[in-house]
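Quick look at final-v5.txt (compact mmCIF, C-alpha atoms and all ligand atoms):
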# COMPACT_ATOMS: atom_id res chain seq x y z
CA MET N 87 98.76 84.03 96.31
CA ASP N 88 95.24 84.56 95.08
CA GLU N 89 94.33 82.88 91.78
CA GLN N 90 93.16 86.17 90.32
CA TYR N 91 96.66 87.59 90.78
CA LEU N 92 97.61 85.72 87.65
CA LYS N 93 94.77 87.25 85.69
CA ILE N 94 95.76 90.88 86.24
CA ASN N 95 96.35 92.54 82.89
CA SER N 96 97.06 95.97 81.52
CA SER N 97 93.43 96.66 80.57
CA LEU N 98 92.47 96.41 84.24
CA ARG N 99 91.07 99.58 85.77
CA THR N 100 91.64 100.59 89.37
CA VAL N 101 88.16 102.06 89.53
CA GLU N 102 85.31 101.84 87.05
CA TRP N 103 81.58 102.24 86.51
CA LYS N 104 79.86 98.95 85.67
CA ASN N 105 76.11 98.25 85.53
CA ASN N 106 75.28 101.28 87.67
CA LYS N 107 77.80 100.25 90.31
CA VAL N 108 81.32 101.36 91.23
CA VAL N 109 83.84 98.56 91.00
CA MET N 110 87.31 99.04 92.44
CA ILE N 111 90.39 97.06 93.38
CA ASP N 112 90.69 96.82 97.16
CA GLN N 113 94.24 98.15 97.48
CA THR N 114 94.46 97.27 101.16
CA LYS N 115 94.60 93.61 100.13
CA LEU N 116 97.47 93.97 97.66
CA PRO N 117 99.90 92.42 96.93
CA ASN N 118 98.62 89.19 98.48
CA LYS N 119 95.16 89.18 96.97
CA LEU N 120 93.53 90.86 93.99
CA VAL N 121 90.06 91.56 95.34
CA PHE N 122 87.42 93.68 93.61
CA VAL N 123 84.78 95.48 95.66
CA GLU N 124 81.45 96.65 94.25
CA TYR N 125 79.45 99.54 95.65
CA ASP N 126 75.93 100.83 95.03
CA ASP N 127 75.91 103.45 97.81
CA PHE N 128 77.96 106.66 97.74
CA GLN N 129 78.59 106.29 101.49
CA GLN N 130 80.48 103.07 100.72
CA VAL N 131 82.64 104.98 98.23
CA ALA N 132 83.33 107.64 100.88
CA HIS N 133 84.36 104.89 103.29
CA ALA N 134 86.60 103.30 100.63
CA ILE N 135 88.40 106.61 100.06
CA LYS N 136 88.84 107.21 103.78
CA THR N 137 90.17 103.73 104.50
CA LEU N 138 92.51 103.66 101.45
CA ILE N 139 90.68 100.85 99.67
CA VAL N 140 91.17 103.33 96.83
CA ARG N 141 93.99 105.87 97.11
CA GLY N 142 96.23 108.06 94.95
CA ALA N 143 95.13 111.55 93.92
CA PRO N 144 93.63 110.87 90.44
CA ALA N 145 92.00 107.60 91.57
CA ILE N 146 90.22 109.27 94.48
CA GLY N 147 89.21 112.11 92.14
CA VAL N 148 87.49 109.65 89.80
CA SER N 149 86.05 107.68 92.75
CA GLY N 150 84.45 110.88 94.04
CA THR N 151 82.76 111.49 90.69
CA PHE N 152 81.47 107.90 90.67
CA GLY N 153 80.29 108.44 94.25
CA LEU N 154 78.12 111.30 92.99
CA SER N 155 76.94 109.05 90.16
CA LEU N 156 75.65 106.61 92.78
CA ALA N 157 74.11 109.51 94.71
CA VAL N 158 72.03 110.57 91.68
CA LEU N 159 70.70 107.04 91.41
CA GLN N 160 70.05 106.72 95.14
CA SER N 161 68.24 110.04 95.48
CA LYS N 162 64.44 109.87 95.74
CA ALA N 163 64.16 113.49 94.57
CA THR N 164 61.26 114.31 92.29
CA SER N 165 62.41 117.78 91.30
CA ARG N 166 65.61 119.24 89.88
CA ASN N 167 66.28 121.38 92.96
CA GLU N 168 65.74 118.52 95.39
CA LEU N 169 68.22 116.41 93.44
CA ILE N 170 70.84 119.17 93.41
CA SER N 171 70.40 119.55 97.16
CA ASP N 172 70.87 115.76 97.69
CA LEU N 173 73.96 115.91 95.50
CA GLU N 174 75.40 118.80 97.53
CA LYS N 175 75.03 116.72 100.69
CA ALA N 176 76.71 113.69 99.09
CA LYS N 177 79.48 115.92 97.72
CA GLN N 178 80.25 117.20 101.21
CA ILE N 179 80.48 113.68 102.65
CA LEU N 180 82.78 112.57 99.83
CA PHE N 181 84.86 115.76 100.06
CA GLU N 182 85.52 115.36 103.78
CA THR N 183 87.14 111.94 103.40
CA ARG N 184 90.69 113.13 102.61
CA PRO N 185 91.94 116.73 102.68
CA THR N 186 95.26 116.93 100.82
CA ALA N 187 94.80 115.67 97.25
CA ILE N 188 93.05 118.40 95.29
CA ASN N 189 91.81 116.00 92.61
CA LEU N 190 88.97 114.91 94.89
CA GLY N 191 87.49 118.41 95.25
CA TRP N 192 88.27 119.14 91.59
CA GLY N 193 86.30 116.10 90.38
CA LEU N 194 83.37 116.74 92.72
CA GLU N 195 83.12 120.40 91.67
CA LYS N 196 83.26 119.48 88.01
CA ILE N 197 80.34 117.08 88.42
CA MET N 198 78.32 119.62 90.43
CA THR N 199 78.82 122.27 87.75
CA VAL N 200 77.59 119.89 85.06
CA ALA N 201 74.69 118.68 87.24
CA LYS N 202 73.48 122.24 87.69
CA THR N 203 73.09 122.65 83.94
CA GLY N 204 70.38 119.95 83.95
CA ASP N 205 66.72 120.92 83.91
CA SER N 206 65.14 117.68 85.08
CA VAL N 207 65.91 114.77 87.39
CA GLU N 208 66.33 112.49 84.41
CA GLN N 209 68.64 114.87 82.59
CA ILE N 210 70.82 115.44 85.68
CA ARG N 211 71.14 111.67 86.21
CA GLU N 212 72.27 111.20 82.63
CA LEU N 213 74.66 114.17 82.73
CA VAL N 214 76.33 113.16 86.01
CA ILE N 215 76.92 109.54 85.05
CA SER N 216 78.11 110.25 81.51
CA THR N 217 80.46 113.01 82.70
CA ALA N 218 81.98 110.82 85.41
CA LYS N 219 82.55 107.99 82.90
CA LYS N 220 84.14 110.45 80.47
CA MET N 221 86.44 111.81 83.19
CA ALA N 222 87.60 108.28 83.99
CA ASP N 223 88.42 107.63 80.31
CA GLU N 224 90.19 110.98 80.05
CA ASP N 225 92.36 110.14 83.06
CA ILE N 226 94.01 107.38 81.04
CA GLU N 227 94.52 109.62 78.00
CA ILE N 228 96.02 112.35 80.19
CA ASN N 229 98.43 109.88 81.81
CA LYS N 230 99.56 108.66 78.41
CA ALA N 231 100.18 112.22 77.19
CA MET N 232 102.06 113.00 80.39
CA GLY N 233 104.11 109.85 79.97
CA LYS N 234 105.09 110.83 76.45
CA ASN N 235 106.06 114.35 77.52
CA GLY N 236 108.13 113.02 80.40
CA SER N 237 109.83 110.18 78.54
CA VAL N 238 112.24 112.56 76.76
CA LEU N 239 113.79 113.45 80.12
CA PHE N 240 115.01 109.90 80.68
CA ASP N 241 117.86 108.08 78.97
CA ASP N 242 118.60 104.55 77.94
CA ASN N 243 119.95 102.57 80.91
CA ASP N 244 118.77 105.06 83.52
CA THR N 245 117.87 103.78 86.94
CA ILE N 246 114.88 105.78 88.13
CA MET N 247 113.86 106.11 91.75
CA THR N 248 110.21 106.59 92.66
CA HIS N 249 108.46 107.06 96.00
CA CYS N 250 105.01 105.84 97.11
CA ASN N 251 102.73 104.66 94.31
CA ALA N 252 101.92 107.03 91.48
CA GLY N 253 101.10 104.18 89.16
CA ALA N 254 98.12 102.55 87.50
CA LEU N 255 96.80 101.86 90.99
CA ALA N 256 96.82 105.56 91.89
CA THR N 257 94.90 106.50 88.74
CA VAL N 258 92.31 104.78 86.55
CA ALA N 259 95.16 103.09 84.66
CA TYR N 260 98.75 103.65 83.41
CA GLY N 261 99.82 106.07 86.16
CA THR N 262 101.48 109.47 86.44
CA ALA N 263 105.09 108.93 87.62
CA LEU N 264 104.93 105.26 86.66
CA GLY N 265 103.20 106.33 83.44
CA VAL N 266 106.33 108.32 82.60
CA ILE N 267 108.45 105.25 83.35
CA ARG N 268 106.13 103.08 81.22
CA ALA N 269 106.27 105.57 78.34
CA THR N 270 110.06 105.75 78.57
CA ARG N 271 110.24 102.00 78.11
CA GLU N 272 107.66 102.15 75.30
CA SER N 273 109.92 104.69 73.54
CA GLY N 274 112.55 101.95 73.29
CA LYS N 275 114.74 102.85 76.27
CA ASN N 276 115.80 100.28 78.78
CA VAL N 277 115.26 101.53 82.32
CA LYS N 278 115.49 100.08 85.80
CA VAL N 279 113.47 101.25 88.78
CA ILE N 280 114.19 101.64 92.48
CA ALA N 281 111.01 101.76 94.55
CA THR N 282 111.06 103.01 98.11
CA GLU N 283 109.06 100.98 100.60
CA THR N 284 107.08 104.07 101.73
CA ARG N 285 106.35 103.53 105.39
CA PRO N 286 104.07 103.63 107.22
CA ILE N 287 101.62 101.84 104.94
CA GLN N 288 104.00 100.72 102.26
CA GLN N 289 102.44 101.86 99.02
CA GLY N 290 105.91 101.44 97.49
CA SER N 291 106.40 97.80 98.38
CA ARG N 292 102.76 96.69 98.28
CA LEU N 293 101.70 98.57 95.15
CA THR N 294 104.60 100.01 93.10
CA ALA N 295 106.81 96.93 93.36
CA PHE N 296 103.73 94.80 92.64
CA GLU N 297 102.64 96.65 89.51
CA LEU N 298 106.15 97.10 88.07
CA LYS N 299 107.14 93.50 88.69
CA HIS N 300 103.91 92.39 87.11
CA ASP N 301 104.73 94.49 84.03
CA GLY N 302 108.18 92.93 83.74
CA PHE N 303 110.26 95.90 84.92
CA ASP N 304 113.61 95.41 86.58
CA VAL N 305 112.56 96.82 89.96
CA SER N 306 114.50 96.88 93.22
CA LEU N 307 112.78 97.60 96.49
CA ILE N 308 114.62 99.59 99.16
CA PRO N 309 113.71 100.65 102.67
CA ASP N 310 113.07 104.39 102.85
CA THR N 311 116.20 104.67 104.96
CA ALA N 312 118.35 103.53 101.99
CA VAL N 313 117.56 106.54 99.77
CA GLY N 314 120.77 108.35 100.78
CA TYR N 315 122.86 105.20 100.39
CA SER N 316 121.46 104.50 96.92
CA MET N 317 122.15 108.03 95.73
CA ALA N 318 125.59 108.32 97.34
CA ASN N 319 126.63 105.03 95.75
CA GLY N 320 125.59 105.91 92.21
CA LEU N 321 122.62 103.55 92.06
CA VAL N 322 120.18 106.25 90.90
CA ASN N 323 120.25 108.54 87.82
CA LYS N 324 116.90 110.29 88.16
CA VAL N 325 113.84 110.50 90.38
CA VAL N 326 110.19 110.80 89.36
CA VAL N 327 107.28 111.02 91.81
CA GLY N 328 103.60 111.96 91.62
CA ALA N 329 101.77 114.71 93.50
CA ASP N 330 98.60 115.20 95.50
CA ARG N 331 98.59 118.96 95.11
CA ILE N 332 100.89 121.49 93.46
CA VAL N 333 100.37 125.16 94.23
CA LYS N 334 101.08 127.97 91.78
CA THR N 335 104.50 128.68 93.31
CA GLY N 336 105.61 125.14 92.45
CA HIS N 337 105.48 123.75 96.01
CA VAL N 338 104.62 120.06 95.68
CA PHE N 339 102.58 118.12 98.23
CA ASN N 340 103.11 114.40 97.96
CA LYS N 341 103.47 111.29 100.09
CA ILE N 342 105.39 111.71 103.32
CA GLY N 343 109.09 111.21 102.62
CA THR N 344 109.07 112.90 99.21
CA TYR N 345 110.80 115.95 100.71
CA GLN N 346 113.61 113.76 102.03
CA VAL N 347 114.05 112.07 98.65
CA ALA N 348 114.15 115.47 96.89
CA THR N 349 116.64 116.88 99.39
CA MET N 350 118.93 113.88 98.95
CA ALA N 351 118.62 114.16 95.16
CA LYS N 352 119.69 117.81 95.33
CA GLN N 353 122.63 116.88 97.56
CA HIS N 354 123.79 114.36 94.95
CA GLY N 355 123.00 116.40 91.82
CA ILE N 356 120.30 113.92 90.71
CA PRO N 357 117.38 115.38 88.69
CA PHE N 358 114.12 115.23 90.63
CA TYR N 359 110.91 115.31 88.54
CA VAL N 360 107.25 115.47 89.52
CA ALA N 361 104.58 114.07 87.18
CA ALA N 362 101.02 115.29 87.68
CA PRO N 363 98.00 116.27 85.59
CA LEU N 364 96.73 119.87 85.48
CA SER N 365 93.88 118.76 87.76
CA THR N 366 96.46 118.37 90.56
CA ILE N 367 97.51 122.02 90.29
CA ASP N 368 95.77 124.34 92.73
CA LEU N 369 96.06 127.96 91.61
CA LYS N 370 94.07 129.31 94.56
CA THR N 371 95.56 127.94 97.77
CA LYS N 372 98.83 129.17 99.26
CA ALA N 373 101.41 126.53 100.21
CA GLU N 374 101.07 127.37 103.92
CA ASP N 375 97.30 126.84 103.80
CA VAL N 376 97.33 123.32 102.35
CA ILE N 377 96.01 120.83 104.90
CA ILE N 378 98.32 117.91 105.55
CA GLU N 379 96.29 114.84 106.47
CA MET N 380 97.32 113.35 109.82
CA ARG N 381 96.57 109.64 110.00
CA LYS N 382 96.06 107.24 112.88
CA GLY N 383 98.98 106.20 115.07
CA SER N 384 98.42 102.48 114.58
CA GLU N 385 99.86 102.84 111.06
CA VAL N 386 103.18 103.67 112.74
CA THR N 387 103.06 101.41 115.79
CA GLY N 388 102.67 98.31 113.68
CA ILE N 389 103.19 96.81 110.27
CA GLY N 390 99.96 95.17 109.18
CA GLU N 391 98.75 93.21 112.19
CA LYS N 392 102.19 93.05 113.81
CA LYS N 393 102.88 95.49 116.63
CA THR N 394 106.32 97.10 116.34
CA ALA N 395 106.26 99.81 119.03
CA PRO N 396 105.53 100.01 122.74
CA ASP N 397 102.06 100.82 124.02
CA ASP N 398 101.10 104.39 124.86
CA ILE N 399 103.77 106.08 122.78
CA ASN N 400 103.14 109.49 121.20
CA ILE N 401 102.83 109.28 117.42
CA ILE N 402 103.23 111.90 114.70
CA ASN N 403 101.89 110.49 111.43
CA PRO N 404 101.56 113.05 108.64
CA ALA N 405 100.51 111.42 105.36
CA PHE N 406 102.09 114.08 103.13
CA ASP N 407 104.90 116.62 103.07
CA MET N 408 105.82 119.65 101.00
CA THR N 409 108.76 119.77 98.61
CA PRO N 410 109.85 123.33 97.80
CA PRO N 411 110.32 124.37 94.17
CA GLU N 412 114.10 124.81 94.43
CA LEU N 413 114.45 121.03 94.77
CA ILE N 414 112.37 120.28 91.67
CA SER N 415 114.03 119.93 88.24
CA GLY N 416 110.74 119.92 86.33
CA ILE N 417 107.02 119.27 86.59
CA ILE N 418 105.71 116.93 83.90
CA THR N 419 102.09 117.49 82.85
CA GLU N 420 99.89 116.33 79.98
CA LYS N 421 100.43 119.76 78.37
CA GLY N 422 104.21 119.80 78.64
CA VAL N 423 107.08 120.00 81.11
CA VAL N 424 107.49 123.18 83.17
CA THR N 425 110.62 124.33 84.95
CA ALA N 426 111.56 127.14 87.36
CA PRO N 427 110.53 129.88 87.84
CA TYR N 428 107.33 127.93 88.47
CA GLU N 429 104.99 130.80 89.22
CA GLU N 430 105.63 132.00 85.68
CA SER N 431 105.73 128.64 83.89
CA ILE N 432 102.64 127.25 85.66
CA SER N 433 100.68 130.39 84.91
CA LYS N 434 101.67 130.15 81.21
CA LEU N 435 100.61 126.51 81.16
CA PHE N 436 97.10 127.47 82.26
CA GLN N 437 96.91 130.48 79.93
CA ALA N 438 97.76 128.21 77.01
CA ASN N 439 94.86 125.96 78.01
CA ASN N 440 92.15 128.54 78.27
O1 LIG N 501 97.96 108.27 100.78
P1 LIG N 501 97.97 107.93 99.31
O2 LIG N 501 98.38 106.54 99.03
O3 LIG N 501 96.66 108.31 98.65
O4 LIG N 501 99.08 108.89 98.71
C1 LIG N 501 99.34 108.83 97.34
C2 LIG N 501 100.45 109.67 96.91
O5 LIG N 501 101.04 110.41 97.66
C3 LIG N 501 100.78 109.65 95.45
O6 LIG N 501 102.14 109.84 95.25
C4 LIG N 501 100.01 110.78 94.76
O7 LIG N 501 98.65 110.68 95.03
C5 LIG N 501 100.21 110.81 93.31
S1 LIG N 501 99.29 109.53 92.55
C6 LIG N 501 99.34 109.61 90.90
Turn this file's structure into structure tokens for me.
Amino acid sequence: MDEQYLKINSSLRTVEWKNNKVVMIDQTKLPNKLVFVEYDDFQQVAHAIKTLIVRGAPAIGVSGTFGLSLAVLQSKATSRNELISDLEKAKQILFETRPTAINLGWGLEKIMTVAKTGDSVEQIRELVISTAKKMADEDIEINKAMGKNGSVLFDDNDTIMTHCNAGALATVAYGTALGVIRATRESGKNVKVIATETRPIQQGSRLTAFELKHDGFDVSLIPDTAVGYSMANGLVNKVVVGADRIVKTGHVFNKIGTYQVATMAKQHGIPFYVAAPLSTIDLKTKAEDVIIEMRKGSEVTGIGEKKTAPDDINIINPAFDMTPPELISGIITEKGVVTAPYEESISKLFQANN
């Protein structure tokens, strides 16, 4: 185990802006090594998002904004319009890295809107970098508010199941679904957690089990195939997961396998909650138009370096699935918890915030 493993602490940020560089934890190395990578080129950030060095909807949203912050520094533009045009090109490259989580496009658009209010190269540089830093700070505040709102849904001695990693490592810090679990404990309730392994690339075992164990939670790891067993045998009281995109009808797009967990929860009468910030809600796209990222077959034919399938086999490897609203007991946001009918409650949530 890497020496630095011992030095991990709760003030650690998954991604941050330091001395005009982007610093992030290389999540592909966890849990064996805590390695930080440092980038000064937005193309490196794009590569990091694509290769899951940084992953999780809010974390890639913030990484995108820091990518644009590097792009403003890298640009040789001498006029406002030239700089905006360079930023548009960088935005497109960053945007094309991963299609499903809306937070990436949301963050990039927000930065572009602010950039366009600048009159000079200098002013745009300042605006882009300060806005991106502010958005990263706000991510933590939002997660804490969401955690507080969600904590009332959980009881003392609950065992909570979660899928994938919607924790500190999927955000700047604290987490969405794991933020709710953290806040529940902070409110004085004693809770246990069951983390699913989350094949094919094991965000559950590598990241969720790692961060919860580190924080002293009673966490049990199960293979994804043991979800039904755990629920049928009374090992789980509630479920909370994160989301990559929620559309206005309440359809939730999240890590592959979420739909199975939600279906099993319904079968066993177990409340199934989704925790996500408003920036994950997409009011424009219809559920059937959301692009599900398909990832490379080698993630399925092996575990790490070890090959676990025959050569030349056909592979279907969707990274996300859709959970329909009828399986969802509530969506926890920083502005409150919404329940069915979602089209109505989500719309009210946004009206209240305008
Ligand atoms: O492919 P990943 O690891 O980026 O997928 C992450 C998830 O599906 C998370 O559950 C989701 O982004 C919510 S993170 C707060």
#### Entry: Nearest-residue call for Asp407 in chain N, choices N:Tyr428, N:Val322, N:Val266, N:Thr186, using all atoms listed in the file
N:Thr186
### Message
Considering only C-alpha atoms, can you say which of N:Glu168, N:Ala426, N:Lys219, N:Trp192 comes closest to Val108 in chain N?
### Response
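Counting only C-alpha atoms, the residue closest to Val108 in chain N is N:Lys219.
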### Test item: residues lying within 7 Å of ligand LIG 501 (chain N) with all atoms listed in the file, as number ranges by chain
N: 138, 141-144, 187, 249-253, 256-257, 261-263, 289, 327-330, 340-341, 362, 405-406
### Task
Neighbourhood query: residues within 8 Å of (83.7, 114.8, 89.3), file coordinates, counting all atoms listed in the file; return as a PyMOL selection string.
chain N and resi 147-148+150-152+154+190-198+217-218+221
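For the choices N:Leu239, N:Ala312, N:Ile228, N:Val258, the atom-to-atom distance to Val101 in chain N is smallest for N:Val258 when using all atoms listed in the file.
When all atoms listed in the file are used to compute distances to Ser237 in chain N, the closest of the residues N:Ile280, N:Ser165, N:Ile389, N:Val423 turns out to be N:Val423.
Between CA of Val325 in chain N and CA of Glu227 in chain N the separation is 23.0 Å.
The residue that comes closest to Val360 in chain N, out of N:Gln346, N:Ser431, N:Gln113, N:Thr248 and on the basis of only C-alpha atoms, is N:Thr248.
Computed from the coordinates, the CA of Ile179 in chain N to CA of Ala132 in chain N distance equals 6.9 Å.
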### Query
Taking into account all atoms listed in the file, which residue in the set N:Arg285, N:His133, N:Arg381, N:Lys393 is nearest to Glu182 in chain N?
N:His133
### Protein/DNA/RNA residues near (84.1, 101.2, 92.5), cut 8 Å, only C-alpha atoms, as a list in words
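In the file's frame, the residues around the point are Val101, Glu102, Trp103, Lys107, Val108, Val109, Met110, Ile111, Val123, Glu124, Tyr125, Val131, Ser149 and Phe152 of chain N.
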#### Entry: CA of Met317 in chain N to CA of Ile414 in chain N, distance in Å rounded to a single decimal
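CA of Ile414 in chain N lies at a distance of 16.2 Å from CA of Met317 in chain N.
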Report the centre and edge lengths, in Å to one decimal, of an axis-aligned box enclosing every atom of range 363-382 of chain N listed in the file, padded by 5 Å on each side, as AutoDock Vina command-line options.
--center_x 97.6 --center_y 118.3 --center_z 99.2 --size_x 17.5 --size_y 32.1 --size_z 37.4
